[in-house]
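Notes follow the structure.
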Amino acid sequence: MTPAQDTFDITLTVNGVSVSRRIAARQHLVDFLREELGLTGSHLGCEHGVCGACTVKVNGEIVRGCLMLALQADGASVETIEGLSESGAIADLQRAFHERNALQCGFCTPGMLIAAAELLECKPDATREEIRAHMAGNYCRCTGYQSIVEAVEVVCRGRVRQRA
Amino acid sequence: MKIKAEFPLKAPYTDYIGVAVPRPDARRLLQGRGRYVDDIRLPRMAHVVFVRSPYAHARIVNIDVSQAAVSPGVIRVVSGSQVARVCRPWVGVLTHLKGLKSAPQHPLAIDRACWQGEAVAAVAAETRAQAEDAVQLVNIEWQELPAVTDPETALEPETPVIHPELGDNLAYQREVDTGDTEEAFARAYKIAEATFRTSRHTAVTLEPRSILADFNPAERQLTVYHSTQVPYMMQWILAKHFELPEVDVRVIAPDVGGGFGAKIHIYGDEMTTVALSLMLGRPVKFVADRLESFVTDFHARGHCVKARMAVSKAGDILGIEIDDLYGIGPYSGYPRGSANEAQQVINLVGGPYKNRVYRGRTRVVFQNKNMYGQYRAVGHPVACAVTEGLVDFGAAAIGMDPAEFRRRNYIPADAYPYTLVTGPVFEKLSQHEAHDKLLKLMNYAALRAEQAALRQRGIYRGIGLAAFVEMSNPSAATYGKGGASIAAQDGCTIKLTATGGITCAASINEIGQGAATIVAQIAASAVSVALDKVKVVIGDTEVTPYGGGNWGSRGTGIGGEAVLRAGKALRQNILTFVARLTETEASLLDIRHGKVVDAATGAERMTLEEVARTAYFRSDKVPPDFSPELAVTRHYAQKTYDGICTNGIQGCYLEVDVETGFVKLLRHWVVDDCGTVINPLLVDEQIRGAVVQGFGAALFEECIYSPEGQLSNGSLIDYLVPMAREMPDIEISHTSTPTATSELGAKGVGEAGTAGSPAAVMNAINDALKPFGARVMAQPFTPERILRALGKI
């Protein structure tokens with residue numbers, strides 16, 4: 001057995017629930033989430049960190065789930081699209097995406113939403129250009145991005161109003 | 001925006017037609033609850049990973065699987081000859097494309113690999129990781145062969161012939177000549193001449209190709225979960241090549257993560273996955289990774305077109321000549337062939353214009369490169385770039401504004417239906433109206449003034465126009481007539497449920513474009529029920545009527561019309577039933593908002609729930625000689641024309657940094673005529689997405705092959721695709737010329753944006769570069785190419 005196939009025990013919190021598993025050292029976080037936990041909302045589009053379809057939150061920060069090993073998430077708190085949907089944390093964003101048809105095939109959508117959610121948290125007063133720049137790490141082949149930018153923009157404005 | 005269809009639809013069928021309804025099925029995708037093929041796990045499921053050729057062309061001297069076969073978790077290792085025992089080879093020709101030739105192709109290469117990335121052996125294992133480990137242990141002894149990698153020299157005598165039995169590397173050739181071009185060019189005031197290149201690129205669906213084949217030997221039933229646009233085509237092909245009864249093959253397309261034409265072809269690795277399931281008697285899954293997607297998903301659009309246009313002093317197009325050449329893979333694609341781009345290019349160059357003097361040649365040559373074929377807007381972006389490039393150069397040559405030049409050359413508005421010199425018939429276009437609307441939308445005159453003012457300050461902006469035509473709603477002329485078992489018709493079964501709801505089983509598919517929503521909107525309108533009362537079932541050959549699925553911008557135009565007809569028939573059956581129950585005439589009744597009413601007064605007679613309950617649970621109340629038929633099926637095929645042509649025009653405004661060669665897209669406008677718009681929300685964002693795919697072609701995307709036939713940029717790091725930051729806002733408007741071939745009046749819309757946007761970008765860049773006398777004609781228009789045109793490097 002190669003070192004990459006060596007197994008390790010990890011314990012982490014996923015969507016608020018503590019999980020423990022024995023995993024191969026080489027397994028990346030998204031394969032772990034999808035295969036071990038059945039959380040198939042995180043998608044694999046390129047497995048080399050470009051497309052953003054595997055975006056998840058680890059300890060509050062967004063990461064490319066294909067560039068992080070599950071082992072590195074030992075002890076961490078991971079949030080996926082499933083958890084963020086069930087908690088209602090991004091319900092306004094999901095509603096805006098829905099109303100503006102900011103998705104077609106939906107494969108990029110979980111990653112898009114999680115990337116957008118980060119912007120809403122750290123810079124809700126972002127301009128349209130800043131929204132485009134922030135979302136530039138997530139590939140969508142179906143929309144022209146405009147509906148996504150508009151959906152994020154309208155939720156940004158809503159969050160700013162809420163804070164005021 | 002709300003566009004209510006007026007013609008030819010009449011109330012009561014219009015309740016949800018033209019209404020911007022959000023897609024009900026998008027909710028699950030927004031919550032990560034979609035189900036794509038890779039999300040499905042079945043008991044005893046094995047995973048297959050492929051050994052692929054590292055060479056563009058090489059003899060397979062020996063395959064040693066002894067180490068791989070004993071690697072942990074490995075279930076079976078197979079090579080080409082083993083798979084060939086259960087799967088018949090295919091030949092990608094269509095009989096109506098005279099002369100199109102190809103050689104037999106097997107799922108896995110046997111004896112010889114013909115492109116880098118061709119699958120040559122397969123490993124099935126308990127897990128994907130184990131299969132990937134074992135693939136490294138398959139030892140293949142190769143003998144490299146000379147590779148044919150330049151279309152320009154593919155037909156020269158010193159170039160090796162990829163398939164010697166075919167005689168040469170020419171897959172297909174077609175010529176068109178109206179006989180009078182020499183005379184037209186002789187009397188031209190000016191001749192615009194250029195060589196246009198479009199780059200070989202690929203669809204890059206975010207969800208890679210995926211298939212899960214589940215053969216149950218106990219009942220000899222094959223169920224295939226497939227990321228496909230065409231379940232029935234797949235069912236036919238699987239039954240044929242694996243020699244299974246068609247009724248024992250079921251193809252299910254769950255959520256599909258993008259298609260764009262990449263998922264309408266037969267792929268050897270997918271066929272091998274099915275073969276392994278048959279051999280092993282257990283489910284086998286294959287999901288391509290991104291690196292193998294680049295070397296196996298069909299490529300498209302790698303054309304070189306030498307073109308010229310004769311122009312009169314007054315600004316009339318006098319004649320057009322083109323010579324088109326492109327290189328496909330080592331085999332013509334199956335089952336659609338790799339010559340449809342040739343057809344579209346030679347047919348549609350000059351498309352929107354009234355010129356009838358034309359000579360064209362198109363040649364398709366084999367290459368030791370990845371397979372090649374239909375991708376969104378097949379050939380149209382090439383034809384449009386050539387036409388619109390020549391139009392701009394022609395206008396410039398005589399000093400006429402390019403907008404004015406276009407307007408005077410469009411096919412006259414009263415000339416429809418209009419037969420092109422190349423054969424196709426345009427039912428009716430709205431070029432003049434679309435043109436005027438676009439210029440107003442983009443404020444063309446003011447933009448020209450702004451451009452001139454900025455030029456004084458050393459800021460180089462360009463305005464580019466591109467009028468386009470796009471064939472949609474194809475008849476059987478595209479494939480069926482050529483012997484391919486691909487349906488041009490579609491069907492819908494509609495049923496009244498026991499509580500007065502509606503279920504629709506339709507043969508078109510959902511690949512994100514919103515087909516399921518369109519089906520629901522049409523059904524709800526046709527029967528007159530609330531949209532949330534309609535459930536749509538699609539993507540399963542065992543439950544939907546037979547149909548062609550998604551290709552050629554046909555879903556709404558063909559499949560939607562079938563839904564309308566089914567809905568109207570159900571409506572009539574309900575009224576006939578209620579008329580019998582209430583002893584009146586059906587013509588005196590109507591359905592409004594889920595209730596059967598007296599047509600004259602609107603007084604309620606029965607709710608649809610009462611109708612259904614009476615039919616299903618209280619047949620004692622139904623007259624003995626009467627059987628209520630509350631489920632009906634209707635089909636539709638467009639038979640009047642080879643296809644229904646849509647049209648429109650795009651405008652692009654951009655800035656070129658003449659020091660760095662970078663292009664910044666500033667604004668883009670589209671006026672599109674797709675006839676009846678069912679859902680403007682879906683139509684407009686689909687046009688935007690299509691435009692952006694065209695931007696990719698124009699500015700970023702190219703599969704770059706080395707002379708040895710190695711794809712040198714086959715990753716998402718090296719192959720650039722459009723991302724949010726570089727994309728402009730895109731404004732969409734419509735003209736509406738519903739087709740008279742259907743009651744719905746809808747034409748296709750999915751491809752038109754891609755057809756026109758590369759030409760608009762090219763013309764805008766060349767407009768920006770005009771003060772320098774520089775021009776670019778080779779896509780993608782990279783900073784390097786722009787700087788070379790400027791003579792700076």
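Identifiers in this document derive from the order of the structure tokens: chains are assigned A, B, ..., residues are numbered from 1 separately in each chain, and ligands are numbered from 1 in order of occurrence.
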
### Message
Applying 6 Å and only C-alpha atoms, which residues near stretch 411-422 of chain B remain after dropping the ones on its own chain fewer than 2 positions away? List them as a ChimeraX atom specification.
### Response
/B:347,353-354,424-428

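All chain A residues having an atom within 7 Å of chain B, based on only C-alpha atoms, amount to Thr40, Gly41, Gly45, Cys46, Val50, Ile81, Glu82, Ser85, Gln94, His98, Glu99, Asn101, Gln104, Cys105, Gly106, Phe107, Thr109, Pro110, Arg132, Ala133, Met135, Ala136, Tyr139, Arg141, Cys142, Thr143, Gly144, Tyr145 and Gln146 of chain A.
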
### Task
Please run DSSP on the backbone and report, as number ranges by chain, all residues within stretch 414-526 of chain B that come out as strand (DSSP E or B).
B: 418-419, 425-426, 460-472, 490-496, 502-506

Report as a JSON list (two decimals) with C-alpha atoms, in the first residue's frame: the residues of stretch 78-219 of chain B with a DSSP assignment of helix (DSSP H, G or I), based on the backbone of this structure.
[["chain", "number", "residue", "atom", "x", "y", "z"],
["B", 80, "GLY", "CA", -10.56, -3.51, -27.66],
["B", 81, "SER", "CA", -10.96, -6.98, -29.08],
["B", 82, "GLN", "CA", -12.82, -8.20, -25.98],
["B", 83, "VAL", "CA", -15.30, -5.34, -26.10],
["B", 84, "ALA", "CA", -15.73, -5.81, -29.85],
["B", 128, "ARG", "CA", -12.77, 4.68, -8.89],
["B", 129, "ALA", "CA", -9.52, 5.24, -7.02],
["B", 130, "GLN", "CA", -8.68, 1.54, -7.34],
["B", 131, "ALA", "CA", -9.46, 1.61, -11.04],
["B", 132, "GLU", "CA", -7.23, 4.67, -11.45],
["B", 133, "ASP", "CA", -4.44, 2.89, -9.59],
["B", 134, "ALA", "CA", -4.73, -0.16, -11.83],
["B", 135, "VAL", "CA", -4.78, 1.89, -15.03],
["B", 151, "PRO", "CA", -5.87, 20.17, -42.52],
["B", 152, "GLU", "CA", -4.05, 22.26, -45.13],
["B", 153, "THR", "CA", -1.76, 19.37, -46.10],
["B", 164, "PRO", "CA", -5.80, 3.48, -46.48],
["B", 165, "GLU", "CA", -8.96, 1.57, -47.44],
["B", 166, "LEU", "CA", -10.75, 4.92, -47.90],
["B", 181, "THR", "CA", -19.51, 34.63, -60.07],
["B", 182, "GLU", "CA", -16.64, 35.38, -62.49],
["B", 183, "GLU", "CA", -18.77, 37.97, -64.22],
["B", 184, "ALA", "CA", -19.84, 39.51, -60.89],
["B", 185, "PHE", "CA", -16.26, 39.86, -59.66],
["B", 186, "ALA", "CA", -15.22, 41.25, -63.05]]

### Query
Any idea what the distance is between atom CA of B:His106 and atom CA of B:Tyr372?
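Taking atom CA of B:His106 and atom CA of B:Tyr372, their separation equals 16.2 Å.
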
### Task
Might you pull out every residue within 12 Å of A:Ser18, with only C-alpha atoms counted and same-chain residues fewer than 6 positions away left off, and present them as number ranges by chain?
A: 10-12, 37, 74-79

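Within the 9 Å cut-off around B:Gln67, using only C-alpha atoms and omitting residues fewer than 5 positions from it on the same chain, the listed residues are B:Ala134, B:Leu137, B:Val138, B:Asn139.
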
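Within 6 Å of stretch 483-498 of chain B, once only C-alpha atoms are used and residues closer than 3 positions along the same chain are dropped, the contacting residues are Met233, Ser475, Ala476, Tyr479, Gly480, Gly501, Ile502, Thr503, Cys504, Ala505, Ala506, Ser507, Pro545, Gly547, Gly548, Gly559, Ala562, Val563, Ala612, Arg613, Leu630, Ala631, Val632, Thr633, Arg634, His635, Tyr636 and Ala637 of chain B.
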
If you count only C-alpha atoms, which residues fall within 8 Å of A:His134, apart from same-chain ones fewer than 4 positions away, as an mmCIF file with C-alpha atoms, in the first residue's frame?
data_model
loop_
_atom_site.group_PDB
_atom_site.id
_atom_site.type_symbol
_atom_site.label_atom_id
_atom_site.label_comp_id
_atom_site.auth_asym_id
_atom_site.auth_seq_id
_atom_site.Cartn_x
_atom_site.Cartn_y
_atom_site.Cartn_z
ATOM 1 C CA ALA A 115 -19.230 32.006 -3.252
ATOM 2 C CA ALA A 116 -21.930 34.678 -3.377
ATOM 3 C CA LEU A 119 -19.519 38.308 -0.578
ATOM 4 C CA GLU A 130 -17.010 43.949 -7.564
#

#### Entry: Proximity to A:Phe8 - best of A:Leu103, A:Val63, A:Gln72, A:Leu39, only C-alpha atoms
A:Gln72

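Atom pair atom CA of B:Ala520 / atom CA of B:Gln572: separated by 18.3 Å.
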
#### Entry: Nearby residues (only C-alpha atoms) at most 8 Å from A:Gly49, same-chain spacing under 4 positions excluded, as a PyMOL selection string
chain A and resi 64+66-67

### Which residue of A:Leu29, A:Val14, A:Ala117, A:Val19 approaches A:Glu61 most closely, using only C-alpha atoms
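Closest candidate: A:Ala117.
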
### Message
Calculated over only C-alpha atoms, which of the candidates B:Leu318, B:Val749, B:Ala760, B:Val536 has the smallest distance to B:Phe695?
### Response
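Comparing B:Leu318, B:Val749, B:Ala760, B:Val536 against B:Phe695, the winner is B:Ala760.
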
### Message
Using Å and a single decimal, report how far atom CA of B:Leu570 sits from atom CA of B:Gly500.
### Response
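The value is 12.2 Å.
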